[in-house]
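Q: Please read through the structure below; I'll follow up with questions.
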Amino acid sequence: MSDCPRRCIRGGVLWLLTSLLMTGTGWTEGKDYFREVAGRTLAVNPKVVASQARLDVAMKRQDQAEAALRPNMTFQGQANQLRTEWDGGVQKTHPDSVEVALTQVLFNRKALVGLEQIAPVIDAARQEYEGACQSVLYELGEAAIGLLEAVEVAALARSNQEVTGKHLEATKARFEVGELPRTDVSRAEARLASARADRLKAENEQAIRRAKFREVAGEEAALPFRLPPWKHAVLEQSLEALSAAVESRPDVKAAVAQLDVARLEVELSRSDHYPVLTLNGSRSRTWNLGSQSTPGTLDKTSLGLGVSVPLYSGGLTMAQVDQEQARFRAAQADLDRVRQQALREIEQAFHQYRNAMVVVDSLVAGERAARDAADGVAQEFKVGTRTSLDVLDAQHELFTAATDLTRGRYNVLVSSLQLLRASGVLTPGILTVDENQ
């Protein structure tokens, strides 16, 4: 065997091994990019913006509820032109008047319950906002992980194609000097075509992942970038501990708050049975009366208590109470459903995360074995005890093992994100964890 073909094959295998060790450059550059793009995404993402607007609406209800119990003051002014006619005469006057009226609610059960209801309404809206932020962060993290995975797989595919191409050149050189049959050249050409197809497939997948990232983030990805470590005690906790903390999830908290809102809606309907007590006062002045009894100005002052007692509403109040009680039972059922769903998601994410780590351990061993096998076959081919097809097979097995390992490692990241989200702790604050801890 000539030295040049042997050096080409040997160098090609070493090139592939080096490419496997050097993949993941996105983890060493642009370490702050993901945090920055996460902040920009949370600021403009439609889902987050809409939930923030709903939270603002809920908080404005606080002022409205308090206003129903505050004094109500009005001012009224009139400028009149009056004409009075009778047999034998006409009188024209232009009395002017101003009045200030004050109404203060002393007791209004409906307004009091409405004010009490504001706290859970705001809490529910706030938890929905937190849930929206966590959902968007998960989508962004998943898109970023998928993109980095596609970039590394595409790099492996390009290296594999290049190594296969060099092997084809070496095989052709040996064929030309009569060391190998034409069949070996055809096999090498077929493997190169397969490697080229793998590269094209990987690059197309990379383009798809770029589009997904752009959709979620609203901007093109600035590769390479580094993902944050997402360190959290949740990833080390048992399933029992995670399940016990299910009440801390934003959706469960929101469902609890909605149940409280529904309970107060029942009380709000019942409040129509209660009387309303108000304090009313007014002060007015009228002048230019044109009357002989009051030629100057006329001042009036009034102060009184008003009470409104509901006696009969045709059954409307009772029907509304029954309606709200039915809604309360529905809210209870929704809370049970959300809790059960949350527990299922926690358990599923827990097992997926543990399984992903176990799979990676086996993939690391498989990739190491494939690397050793590829190196051994290259050595044996050098001394003539292995065929060209053996080298191609070993190289392809190494490429497959490296690709599977890359995908397995990124699957651990995705499953960790799923567990953090299922546990309700995937907040923006988790992106600022000190990486040296």
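Identifiers in this document derive from the order of the structure tokens: chains are assigned A, B, ..., residues are numbered from 1 separately in each chain, and ligands are numbered from 1 in order of occurrence.
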Residues within 12 Å of Gln325 (chain A), please, as number ranges by chain. Count only C-alpha atoms; anything in the same chain fewer than 6 positions from it doesn't count.
A: A: 259, 261-270, 318-319, 331-332
Q: Can I get the selected residues back with N, CA, C and O atoms, as a short mmCIF file (atom, residue, chain, number, x, y, z; two decimals), in the first residue's frame?
A:
```cif
data_model
loop_
_atom_site.label_atom_id
_atom_site.label_comp_id
_atom_site.auth_asym_id
_atom_site.auth_seq_id
_atom_site.Cartn_x
_atom_site.Cartn_y
_atom_site.Cartn_z
N LEU A 259 -60.94 30.37 42.10
CA LEU A 259 -61.94 29.76 42.99
C LEU A 259 -62.39 30.77 44.04
O LEU A 259 -63.58 30.85 44.37
N VAL A 261 -62.36 34.00 43.66
CA VAL A 261 -63.19 34.97 42.93
C VAL A 261 -64.60 34.43 42.76
O VAL A 261 -65.59 35.16 42.96
N ALA A 262 -64.73 33.16 42.40
CA ALA A 262 -66.05 32.55 42.22
C ALA A 262 -66.82 32.51 43.53
O ALA A 262 -68.05 32.73 43.54
N ARG A 263 -66.13 32.24 44.64
CA ARG A 263 -66.81 32.24 45.94
C ARG A 263 -67.37 33.62 46.26
O ARG A 263 -68.52 33.75 46.75
N LEU A 264 -66.57 34.65 45.98
CA LEU A 264 -67.04 36.01 46.27
C LEU A 264 -68.12 36.46 45.29
O LEU A 264 -68.91 37.35 45.61
N GLU A 265 -68.15 35.85 44.10
CA GLU A 265 -69.24 36.16 43.17
C GLU A 265 -70.57 35.69 43.75
O GLU A 265 -71.62 36.34 43.55
N VAL A 266 -70.56 34.57 44.47
CA VAL A 266 -71.78 34.11 45.15
C VAL A 266 -72.21 35.13 46.18
O VAL A 266 -73.40 35.51 46.28
N GLU A 267 -71.26 35.62 46.97
CA GLU A 267 -71.58 36.63 47.99
C GLU A 267 -72.03 37.93 47.34
O GLU A 267 -72.89 38.64 47.88
N LEU A 268 -71.44 38.22 46.19
CA LEU A 268 -71.83 39.45 45.48
C LEU A 268 -73.29 39.37 45.04
O LEU A 268 -74.04 40.36 45.11
N SER A 269 -73.72 38.21 44.59
CA SER A 269 -75.13 38.05 44.18
C SER A 269 -76.05 38.11 45.39
O SER A 269 -77.13 38.72 45.33
N ARG A 270 -75.64 37.52 46.49
CA ARG A 270 -76.46 37.56 47.71
C ARG A 270 -76.58 38.95 48.29
O ARG A 270 -77.54 39.26 49.00
N MET A 318 -82.27 35.40 43.52
CA MET A 318 -82.06 33.98 43.83
C MET A 318 -81.52 33.23 42.60
O MET A 318 -80.67 32.35 42.73
N ALA A 319 -82.03 33.60 41.43
CA ALA A 319 -81.53 32.96 40.21
C ALA A 319 -80.05 33.28 39.98
O ALA A 319 -79.27 32.42 39.58
N ALA A 331 -65.52 26.12 39.12
CA ALA A 331 -64.17 26.57 39.47
C ALA A 331 -63.48 25.54 40.36
O ALA A 331 -62.26 25.32 40.23
N GLN A 332 -64.22 24.89 41.26
CA GLN A 332 -63.64 23.83 42.08
C GLN A 332 -63.16 22.67 41.20
O GLN A 332 -62.07 22.13 41.41
#
```
Q: Can you pull out the residues contacting Asn72 (chain A)? Cut-off 7 Å, using only C-alpha atoms, and skip same-chain residues under 5 positions away; I want them as a list in words.
A: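 Residues meeting the cut-off are Leu102, Thr103 and Gln104 of chain A.
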Q: Against region 214-218 of chain A, which residues of region 32-120 of chain A fall within 12 Å? For each one I want the closest pair of atoms and the distance in Å (one decimal), counting only C-alpha atoms, rows by chain and increasing residue number, as JSON lines.
A:
```
{"residue": "A:Tyr33", "atom": "CA", "partner": "A:Ala217", "partner_atom": "CA", "distance": 11.9}
{"residue": "A:Phe34", "atom": "CA", "partner": "A:Ala217", "partner_atom": "CA", "distance": 10.1}
{"residue": "A:Arg35", "atom": "CA", "partner": "A:Ala217", "partner_atom": "CA", "distance": 11.6}
{"residue": "A:Glu36", "atom": "CA", "partner": "A:Ala217", "partner_atom": "CA", "distance": 10.7}
{"residue": "A:Val37", "atom": "CA", "partner": "A:Ala217", "partner_atom": "CA", "distance": 6.9}
{"residue": "A:Ala38", "atom": "CA", "partner": "A:Ala217", "partner_atom": "CA", "distance": 7.6}
{"residue": "A:Gly39", "atom": "CA", "partner": "A:Ala217", "partner_atom": "CA", "distance": 9.8}
{"residue": "A:Arg40", "atom": "CA", "partner": "A:Ala217", "partner_atom": "CA", "distance": 7.8}
{"residue": "A:Thr41", "atom": "CA", "partner": "A:Ala217", "partner_atom": "CA", "distance": 5.3}
{"residue": "A:Leu42", "atom": "CA", "partner": "A:Ala217", "partner_atom": "CA", "distance": 8.8}
{"residue": "A:Ala43", "atom": "CA", "partner": "A:Ala217", "partner_atom": "CA", "distance": 10.4}
{"residue": "A:Val44", "atom": "CA", "partner": "A:Gly218", "partner_atom": "CA", "distance": 8.4}
{"residue": "A:Asn45", "atom": "CA", "partner": "A:Ala217", "partner_atom": "CA", "distance": 7.8}
{"residue": "A:Pro46", "atom": "CA", "partner": "A:Val216", "partner_atom": "CA", "distance": 10.1}
{"residue": "A:Lys47", "atom": "CA", "partner": "A:Val216", "partner_atom": "CA", "distance": 10.7}
{"residue": "A:Val48", "atom": "CA", "partner": "A:Val216", "partner_atom": "CA", "distance": 11.9}
```
Q: Where in region 158-397 of chain A does DSSP assign strand (DSSP E or B), given as a list in words?
A: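 Strand (DSSP E or B) assignments inside region 158-397 of chain A correspond to Val276, Leu277, Thr278, Leu279, Asn280, Gly281, Ser282, Arg283, Ser284, Arg285, Thr286, Trp287, Thr297, Leu298, Asp299, Lys300, Thr301, Ser302, Leu303, Gly304, Leu305, Gly306, Val307 and Ser308 of chain A.
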Q: Could you go through region 158-384 of chain A and tell me which residues DSSP, when run on the backbone, assigns to alpha helix (DSSP H), listing them as a ChimeraX atom specification?
A: /A:158-176,182-217,239-244,250-270,316-382
Q: Tell me which of A:Leu420, A:Leu192, A:Val49, A:Leu389 sits closest to Thr164 (chain A), counting only C-alpha atoms.
A: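 So, comparing all the options, the nearest one is A:Leu192.
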Q: How far is it from CA of Gln340 (chain A) to CA of Leu235 (chain A), in Å with one decimal?
A: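 A separation of 20.9 Å between them.
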